[in-house]
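Data first, discussion second: the structure below is written as structure tokens.
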Amino acid sequence: MSAARTPARAKRKPAGTRPTSRRKPATRRRKPTRRQAAIRARRQRILQRLLLSAGALVAVVGLFVLIPLSLARDPAPICIDDPRTFPAAGVEGWSGEQLENAATIVRTAAAMGFPRDGQILGVMTAMGESSLRNIDYGDWETRGFTNPDGSRTSSIGLFQQQDWWGTVEQRMDPATSATLFFDRLGRLPDWQAMDPSHAIHRVQVNTDRDYYARFQADATAVVDALSGPCT
């Protein structure tokens, strides 16, 4: 028979020893140093300044956009007695000297008791005759036109009036020439009931009674612009 095996003795740990722990020691949070705190504060100040600068920039850009829009919606008033208030861009393409002459026609008509429709007729006539310029020449010089009797035309001024209208000085003075025109228009029976171009034709005695119709819309715009309040 084989000898019986004696059981092995279990190894004993030396007294006083503790089992090793598997847990990792807890890491402690370090308090920020003064330098780190200063850096954070500086970054916050820089961010605040950037936000304020961006807000200011948006406000300035808004002003540059809104101010021109407000001016475009609310244009400066035009005073008929002050050519400095006339728009540099003109009214329907009529500007400078042309608007000044139109203003003289409107003032003259109003002083003689002619309402808006009469003022429009006066401006229409000068647009068609001289492009609202007080010129010292006429159809003979530009196109060789003659009168029915074969004589040279003597048309001059805003309304291209010939010798029988008055002296050279009268016809070359915008206010006087306008007075001569409205004096004859006022003697035309029922001129307000007539087609505007046909009424002008009866006064001017031109070759085409519908010639002035093309200027009616522009003349209306100019008269209305010059007739508004100054304030």
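We name chains A, B, ... following the order of the structure tokens; residues begin at 1 in each chain, and ligands are numbered from 1 as shown.
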
**Asked** Got a sec: who's within 8 Å of stretch 166-168 of chain A, counting only C-alpha atoms, leaving out chain neighbours fewer than 4 positions off, as an MDAnalysis selection string?
**Response** chainID A and resid 156 162 172

Please, could you write that set of residues out with all heavy atoms as a JSON list (two decimals), in the first residue's frame?
```json
[["chain", "number", "residue", "atom", "x", "y", "z"],
["A", 156, "ILE", "N", -38.21, 134.72, -80.12],
["A", 156, "ILE", "CA", -37.17, 134.74, -79.08],
["A", 156, "ILE", "C", -37.81, 134.48, -77.72],
["A", 156, "ILE", "O", -39.03, 134.57, -77.56],
["A", 156, "ILE", "CB", -36.39, 136.08, -79.03],
["A", 156, "ILE", "CG1", -37.36, 137.25, -78.84],
["A", 156, "ILE", "CG2", -35.52, 136.26, -80.27],
["A", 156, "ILE", "CD1", -36.65, 138.59, -78.62],
["A", 162, "GLN", "N", -42.92, 136.45, -81.32],
["A", 162, "GLN", "CA", -42.41, 137.26, -82.42],
["A", 162, "GLN", "C", -42.64, 138.75, -82.16],
["A", 162, "GLN", "O", -43.15, 139.16, -81.12],
["A", 162, "GLN", "CB", -43.07, 136.82, -83.73],
["A", 162, "GLN", "CG", -42.72, 135.37, -84.11],
["A", 162, "GLN", "CD", -42.90, 135.11, -85.59],
["A", 162, "GLN", "OE1", -42.28, 135.78, -86.44],
["A", 162, "GLN", "NE2", -43.74, 134.14, -85.93],
["A", 172, "MET", "N", -37.70, 139.03, -73.90],
["A", 172, "MET", "CA", -36.54, 138.36, -73.30],
["A", 172, "MET", "C", -36.57, 138.40, -71.78],
["A", 172, "MET", "O", -35.71, 137.82, -71.13],
["A", 172, "MET", "CB", -35.25, 139.02, -73.80],
["A", 172, "MET", "CG", -34.88, 138.63, -75.23],
["A", 172, "MET", "SD", -34.62, 136.85, -75.45],
["A", 172, "MET", "CE", -33.24, 136.55, -74.35]]
```

Give me, as a PDB file with C-alpha atoms, in the first residue's frame, all polymer residues having an atom no more than 12 Å from A:Asn147, counting only C-alpha atoms and skipping those fewer than 5 positions away in the same chain.
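Output file selection21.pdb is given in full below:
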```pdb
ATOM      1  CA  ASP A 139     -37.060 128.857 -85.579  1.00  0.00           C
ATOM      2  CA  TRP A 140     -35.434 130.890 -88.325  1.00  0.00           C
ATOM      3  CA  ARG A 152     -38.194 135.372 -91.348  1.00  0.00           C
ATOM      4  CA  THR A 153     -39.607 134.418 -87.990  1.00  0.00           C
ATOM      5  CA  SER A 154     -38.507 136.681 -85.147  1.00  0.00           C
ATOM      6  CA  SER A 155     -39.168 134.246 -82.295  1.00  0.00           C
ATOM      7  CA  GLN A 162     -42.406 137.258 -82.422  1.00  0.00           C
ATOM      8  CA  ASP A 163     -42.215 141.003 -82.975  1.00  0.00           C
ATOM      9  CA  VAL A 205     -50.680 129.862 -83.434  1.00  0.00           C
ATOM     10  CA  ASN A 206     -48.251 127.027 -84.160  1.00  0.00           C
ATOM     11  CA  THR A 207     -48.517 124.493 -86.982  1.00  0.00           C
TER      12      THR A 207
END
```

**Message:** Taking only stretch 35-158 of chain A into account, list the residues labelled strand (DSSP E or B) by DSSP (computed from the backbone), as JSON, numbers by chain.
**Reply:** {"A": [91, 94, 146, 152, 156]}

Store the residues picked out above, limited to N, CA and C atoms, as a short mmCIF file (atom, residue, chain, number, x, y, z; two decimals), in the first residue's frame.
```cif
data_model
loop_
_atom_site.label_atom_id
_atom_site.label_comp_id
_atom_site.auth_asym_id
_atom_site.auth_seq_id
_atom_site.Cartn_x
_atom_site.Cartn_y
_atom_site.Cartn_z
N VAL A 91 -36.55 117.92 -61.64
CA VAL A 91 -37.88 117.32 -61.59
C VAL A 91 -38.20 116.80 -62.98
N TRP A 94 -35.94 118.20 -65.63
CA TRP A 94 -35.86 119.65 -65.78
C TRP A 94 -35.19 120.21 -64.54
N THR A 146 -40.11 130.25 -91.81
CA THR A 146 -40.57 131.58 -92.19
C THR A 146 -42.04 131.74 -91.84
N ARG A 152 -38.86 136.17 -92.38
CA ARG A 152 -38.19 135.37 -91.35
C ARG A 152 -38.95 135.47 -90.03
N ILE A 156 -38.21 134.72 -80.12
CA ILE A 156 -37.17 134.74 -79.08
C ILE A 156 -37.81 134.48 -77.72
#
```

**For A:Gly93, the nearest of the candidates A:Pro115, A:Arg43, A:Ala217, A:Ala110, counting only C-alpha atoms** = A:Ala217

**Asked** How many Å separate atom CA of A:Met112 from atom CA of A:Thr179?
**Response** 8.1 Å

**Request:** Could you tell me how far atom CA of A:Asp183 lies from atom CA of A:Phe114, in Å and to one decimal?
**Result:** 10.3 Å

**Message:** What's around A:Arg214 at 9 Å? Count only C-alpha atoms, leave out sequence neighbours fewer than 6 positions away in its own chain, and write the answer as a PyMOL selection string.
**Reply:** chain A and resi 124+128+197

With N, CA and C atoms retained, export the selected residues as a PDB file, in the first residue's frame.
```pdb
ATOM      1  N   MET A 124     -46.076 124.119 -69.907  1.00  0.00           N
ATOM      2  CA  MET A 124     -46.110 123.266 -71.111  1.00  0.00           C
ATOM      3  C   MET A 124     -45.635 124.040 -72.339  1.00  0.00           C
ATOM      4  N   GLY A 128     -42.267 123.333 -74.659  1.00  0.00           N
ATOM      5  CA  GLY A 128     -42.327 123.014 -76.084  1.00  0.00           C
ATOM      6  C   GLY A 128     -41.649 124.036 -76.969  1.00  0.00           C
ATOM      7  N   SER A 197     -53.386 121.213 -75.042  1.00  0.00           N
ATOM      8  CA  SER A 197     -52.532 121.515 -76.192  1.00  0.00           C
ATOM      9  C   SER A 197     -53.265 122.364 -77.213  1.00  0.00           C
TER      10      SER A 197
END
```

Fewer than 3 positions away in the same chain doesn't count, so skip those; otherwise give me all residues within 10 Å of A:Asn101, counting only C-alpha atoms, as a PDB file with all heavy atoms, in the first residue's frame.
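Once everything was written out, this is result.pdb:
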```
ATOM      1  N   SER A  95     -34.099 120.944 -64.719  1.00  0.00           N
ATOM      2  CA  SER A  95     -33.318 121.386 -63.560  1.00  0.00           C
ATOM      3  C   SER A  95     -32.687 122.755 -63.804  1.00  0.00           C
ATOM      4  O   SER A  95     -32.767 123.311 -64.908  1.00  0.00           O
ATOM      5  CB  SER A  95     -32.216 120.362 -63.254  1.00  0.00           C
ATOM      6  OG  SER A  95     -31.323 120.252 -64.352  1.00  0.00           O
ATOM      7  N   GLY A  96     -32.031 123.273 -62.740  1.00  0.00           N
ATOM      8  CA  GLY A  96     -31.273 124.519 -62.861  1.00  0.00           C
ATOM      9  C   GLY A  96     -32.076 125.682 -63.408  1.00  0.00           C
ATOM     10  O   GLY A  96     -33.146 126.038 -62.897  1.00  0.00           O
ATOM     11  N   GLU A  97     -31.553 126.289 -64.464  1.00  0.00           N
ATOM     12  CA  GLU A  97     -32.201 127.443 -65.098  1.00  0.00           C
ATOM     13  C   GLU A  97     -33.630 127.110 -65.531  1.00  0.00           C
ATOM     14  O   GLU A  97     -34.524 127.971 -65.465  1.00  0.00           O
ATOM     15  CB  GLU A  97     -31.371 127.871 -66.322  1.00  0.00           C
ATOM     16  CG  GLU A  97     -32.016 128.946 -67.177  1.00  0.00           C
ATOM     17  CD  GLU A  97     -31.381 129.066 -68.558  1.00  0.00           C
ATOM     18  OE1 GLU A  97     -30.398 128.351 -68.833  1.00  0.00           O
ATOM     19  OE2 GLU A  97     -31.885 129.877 -69.363  1.00  0.00           O
ATOM     20  N   GLN A  98     -33.837 125.872 -65.951  1.00  0.00           N
ATOM     21  CA  GLN A  98     -35.175 125.486 -66.415  1.00  0.00           C
ATOM     22  C   GLN A  98     -36.207 125.577 -65.289  1.00  0.00           C
ATOM     23  O   GLN A  98     -37.309 126.084 -65.491  1.00  0.00           O
ATOM     24  CB  GLN A  98     -35.123 124.070 -66.989  1.00  0.00           C
ATOM     25  CG  GLN A  98     -34.258 123.955 -68.241  1.00  0.00           C
ATOM     26  CD  GLN A  98     -34.001 122.512 -68.629  1.00  0.00           C
ATOM     27  OE1 GLN A  98     -33.637 121.685 -67.797  1.00  0.00           O
ATOM     28  NE2 GLN A  98     -34.211 122.202 -69.896  1.00  0.00           N
ATOM     29  N   THR A 104     -40.798 131.197 -62.371  1.00  0.00           N
ATOM     30  CA  THR A 104     -41.238 132.534 -62.776  1.00  0.00           C
ATOM     31  C   THR A 104     -42.596 132.466 -63.463  1.00  0.00           C
ATOM     32  O   THR A 104     -43.473 133.313 -63.216  1.00  0.00           O
ATOM     33  CB  THR A 104     -40.200 133.166 -63.726  1.00  0.00           C
ATOM     34  OG1 THR A 104     -38.950 133.295 -63.039  1.00  0.00           O
ATOM     35  CG2 THR A 104     -40.652 134.533 -64.208  1.00  0.00           C
ATOM     36  N   ILE A 105     -42.779 131.459 -64.303  1.00  0.00           N
ATOM     37  CA  ILE A 105     -44.068 131.303 -65.001  1.00  0.00           C
ATOM     38  C   ILE A 105     -45.180 131.020 -64.008  1.00  0.00           C
ATOM     39  O   ILE A 105     -46.270 131.600 -64.086  1.00  0.00           O
ATOM     40  CB  ILE A 105     -43.966 130.167 -66.040  1.00  0.00           C
ATOM     41  CG1 ILE A 105     -42.973 130.552 -67.143  1.00  0.00           C
ATOM     42  CG2 ILE A 105     -45.334 129.857 -66.635  1.00  0.00           C
ATOM     43  CD1 ILE A 105     -42.630 129.402 -68.089  1.00  0.00           C
ATOM     44  N   VAL A 106     -44.930 130.137 -63.048  1.00  0.00           N
ATOM     45  CA  VAL A 106     -45.952 129.777 -62.052  1.00  0.00           C
ATOM     46  C   VAL A 106     -46.303 130.989 -61.190  1.00  0.00           C
ATOM     47  O   VAL A 106     -47.485 131.260 -60.923  1.00  0.00           O
ATOM     48  CB  VAL A 106     -45.460 128.605 -61.179  1.00  0.00           C
ATOM     49  CG1 VAL A 106     -46.423 128.351 -60.020  1.00  0.00           C
ATOM     50  CG2 VAL A 106     -45.312 127.339 -62.027  1.00  0.00           C
ATOM     51  N   ARG A 107     -45.289 131.735 -60.743  1.00  0.00           N
ATOM     52  CA  ARG A 107     -45.548 132.921 -59.923  1.00  0.00           C
ATOM     53  C   ARG A 107     -46.348 133.964 -60.695  1.00  0.00           C
ATOM     54  O   ARG A 107     -47.275 134.584 -60.163  1.00  0.00           O
ATOM     55  CB  ARG A 107     -44.227 133.530 -59.428  1.00  0.00           C
ATOM     56  CG  ARG A 107     -43.572 132.781 -58.283  1.00  0.00           C
ATOM     57  CD  ARG A 107     -42.519 133.663 -57.602  1.00  0.00           C
ATOM     58  NE  ARG A 107     -41.517 134.115 -58.562  1.00  0.00           N
ATOM     59  CZ  ARG A 107     -40.366 133.480 -58.791  1.00  0.00           C
ATOM     60  NH1 ARG A 107     -40.087 132.357 -58.146  1.00  0.00           N
ATOM     61  NH2 ARG A 107     -39.507 133.959 -59.659  1.00  0.00           N
ATOM     62  N   VAL A 123     -46.300 126.436 -68.377  1.00  0.00           N
ATOM     63  CA  VAL A 123     -45.049 125.671 -68.342  1.00  0.00           C
ATOM     64  C   VAL A 123     -44.971 124.726 -69.538  1.00  0.00           C
ATOM     65  O   VAL A 123     -43.898 124.556 -70.135  1.00  0.00           O
ATOM     66  CB  VAL A 123     -44.937 124.894 -67.013  1.00  0.00           C
ATOM     67  CG1 VAL A 123     -43.698 124.008 -67.011  1.00  0.00           C
ATOM     68  CG2 VAL A 123     -44.877 125.866 -65.832  1.00  0.00           C
ATOM     69  N   ALA A 126     -43.746 126.793 -72.589  1.00  0.00           N
ATOM     70  CA  ALA A 126     -42.317 127.120 -72.574  1.00  0.00           C
ATOM     71  C   ALA A 126     -41.453 125.868 -72.763  1.00  0.00           C
ATOM     72  O   ALA A 126     -40.375 125.943 -73.358  1.00  0.00           O
ATOM     73  CB  ALA A 126     -41.964 127.821 -71.268  1.00  0.00           C
ATOM     74  N   LEU A 132     -37.675 125.544 -71.785  1.00  0.00           N
ATOM     75  CA  LEU A 132     -37.591 126.348 -70.561  1.00  0.00           C
ATOM     76  C   LEU A 132     -36.263 127.096 -70.447  1.00  0.00           C
ATOM     77  O   LEU A 132     -35.756 127.327 -69.347  1.00  0.00           O
ATOM     78  CB  LEU A 132     -37.809 125.474 -69.315  1.00  0.00           C
ATOM     79  CG  LEU A 132     -39.263 125.102 -68.999  1.00  0.00           C
ATOM     80  CD1 LEU A 132     -39.324 124.099 -67.846  1.00  0.00           C
ATOM     81  CD2 LEU A 132     -40.087 126.342 -68.667  1.00  0.00           C
ATOM     82  N   ARG A 133     -35.721 127.512 -71.601  1.00  0.00           N
ATOM     83  CA  ARG A 133     -34.489 128.312 -71.604  1.00  0.00           C
ATOM     84  C   ARG A 133     -34.786 129.638 -72.301  1.00  0.00           C
ATOM     85  O   ARG A 133     -35.425 129.680 -73.354  1.00  0.00           O
ATOM     86  CB  ARG A 133     -33.351 127.577 -72.311  1.00  0.00           C
ATOM     87  CG  ARG A 133     -33.003 126.252 -71.623  1.00  0.00           C
ATOM     88  CD  ARG A 133     -31.753 125.632 -72.217  1.00  0.00           C
ATOM     89  NE  ARG A 133     -31.484 124.306 -71.668  1.00  0.00           N
ATOM     90  CZ  ARG A 133     -30.906 124.074 -70.505  1.00  0.00           C
ATOM     91  NH1 ARG A 133     -30.509 125.090 -69.751  1.00  0.00           N
ATOM     92  NH2 ARG A 133     -30.709 122.832 -70.075  1.00  0.00           N
ATOM     93  N   ASN A 134     -34.293 130.713 -71.703  1.00  0.00           N
ATOM     94  CA  ASN A 134     -34.572 132.041 -72.240  1.00  0.00           C
ATOM     95  C   ASN A 134     -33.574 132.365 -73.350  1.00  0.00           C
ATOM     96  O   ASN A 134     -32.589 133.083 -73.141  1.00  0.00           O
ATOM     97  CB  ASN A 134     -34.479 133.078 -71.109  1.00  0.00           C
ATOM     98  CG  ASN A 134     -35.126 134.392 -71.490  1.00  0.00           C
ATOM     99  OD1 ASN A 134     -36.058 134.429 -72.274  1.00  0.00           O
ATOM    100  ND2 ASN A 134     -34.631 135.476 -70.909  1.00  0.00           N
ATOM    101  N   LEU A 158     -38.546 132.642 -73.770  1.00  0.00           N
ATOM    102  CA  LEU A 158     -39.135 131.403 -73.262  1.00  0.00           C
ATOM    103  C   LEU A 158     -40.285 130.919 -74.120  1.00  0.00           C
ATOM    104  O   LEU A 158     -40.437 129.706 -74.365  1.00  0.00           O
ATOM    105  CB  LEU A 158     -39.659 131.621 -71.833  1.00  0.00           C
ATOM    106  CG  LEU A 158     -38.656 131.683 -70.680  1.00  0.00           C
ATOM    107  CD1 LEU A 158     -39.384 131.966 -69.380  1.00  0.00           C
ATOM    108  CD2 LEU A 158     -37.890 130.376 -70.580  1.00  0.00           C
ATOM    109  N   PRO A 174     -38.347 136.904 -68.657  1.00  0.00           N
ATOM    110  CA  PRO A 174     -39.235 135.763 -68.386  1.00  0.00           C
ATOM    111  C   PRO A 174     -40.583 136.158 -67.792  1.00  0.00           C
ATOM    112  O   PRO A 174     -41.629 135.658 -68.230  1.00  0.00           O
ATOM    113  CB  PRO A 174     -38.414 134.906 -67.414  1.00  0.00           C
ATOM    114  CG  PRO A 174     -36.999 135.203 -67.758  1.00  0.00           C
ATOM    115  CD  PRO A 174     -36.993 136.667 -68.099  1.00  0.00           C
ATOM    116  N   ALA A 175     -40.590 137.050 -66.817  1.00  0.00           N
ATOM    117  CA  ALA A 175     -41.858 137.430 -66.187  1.00  0.00           C
ATOM    118  C   ALA A 175     -42.754 138.197 -67.153  1.00  0.00           C
ATOM    119  O   ALA A 175     -43.974 137.966 -67.209  1.00  0.00           O
ATOM    120  CB  ALA A 175     -41.587 138.275 -64.939  1.00  0.00           C
ATOM    121  N   ALA A 178     -44.116 135.862 -69.858  1.00  0.00           N
ATOM    122  CA  ALA A 178     -45.185 135.037 -69.290  1.00  0.00           C
ATOM    123  C   ALA A 178     -46.464 135.850 -69.143  1.00  0.00           C
ATOM    124  O   ALA A 178     -47.568 135.346 -69.397  1.00  0.00           O
ATOM    125  CB  ALA A 178     -44.747 134.487 -67.933  1.00  0.00           C
TER     126      ALA A 178
END
```

**Prompt:** Between A:Gln170, A:Thr220, A:Thr125, A:Ser131, which one has atoms that come closest to A:Val203, using only C-alpha atoms?
**Reply:** A:Thr125

**Request:** Please indicate the distance in Å from atom CA of A:Gly186 to atom CA of A:Ala103, rounded to one decimal place.
**Result:**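 Pair atom CA of A:Gly186 / atom CA of A:Ala103 returns 19.6 Å.
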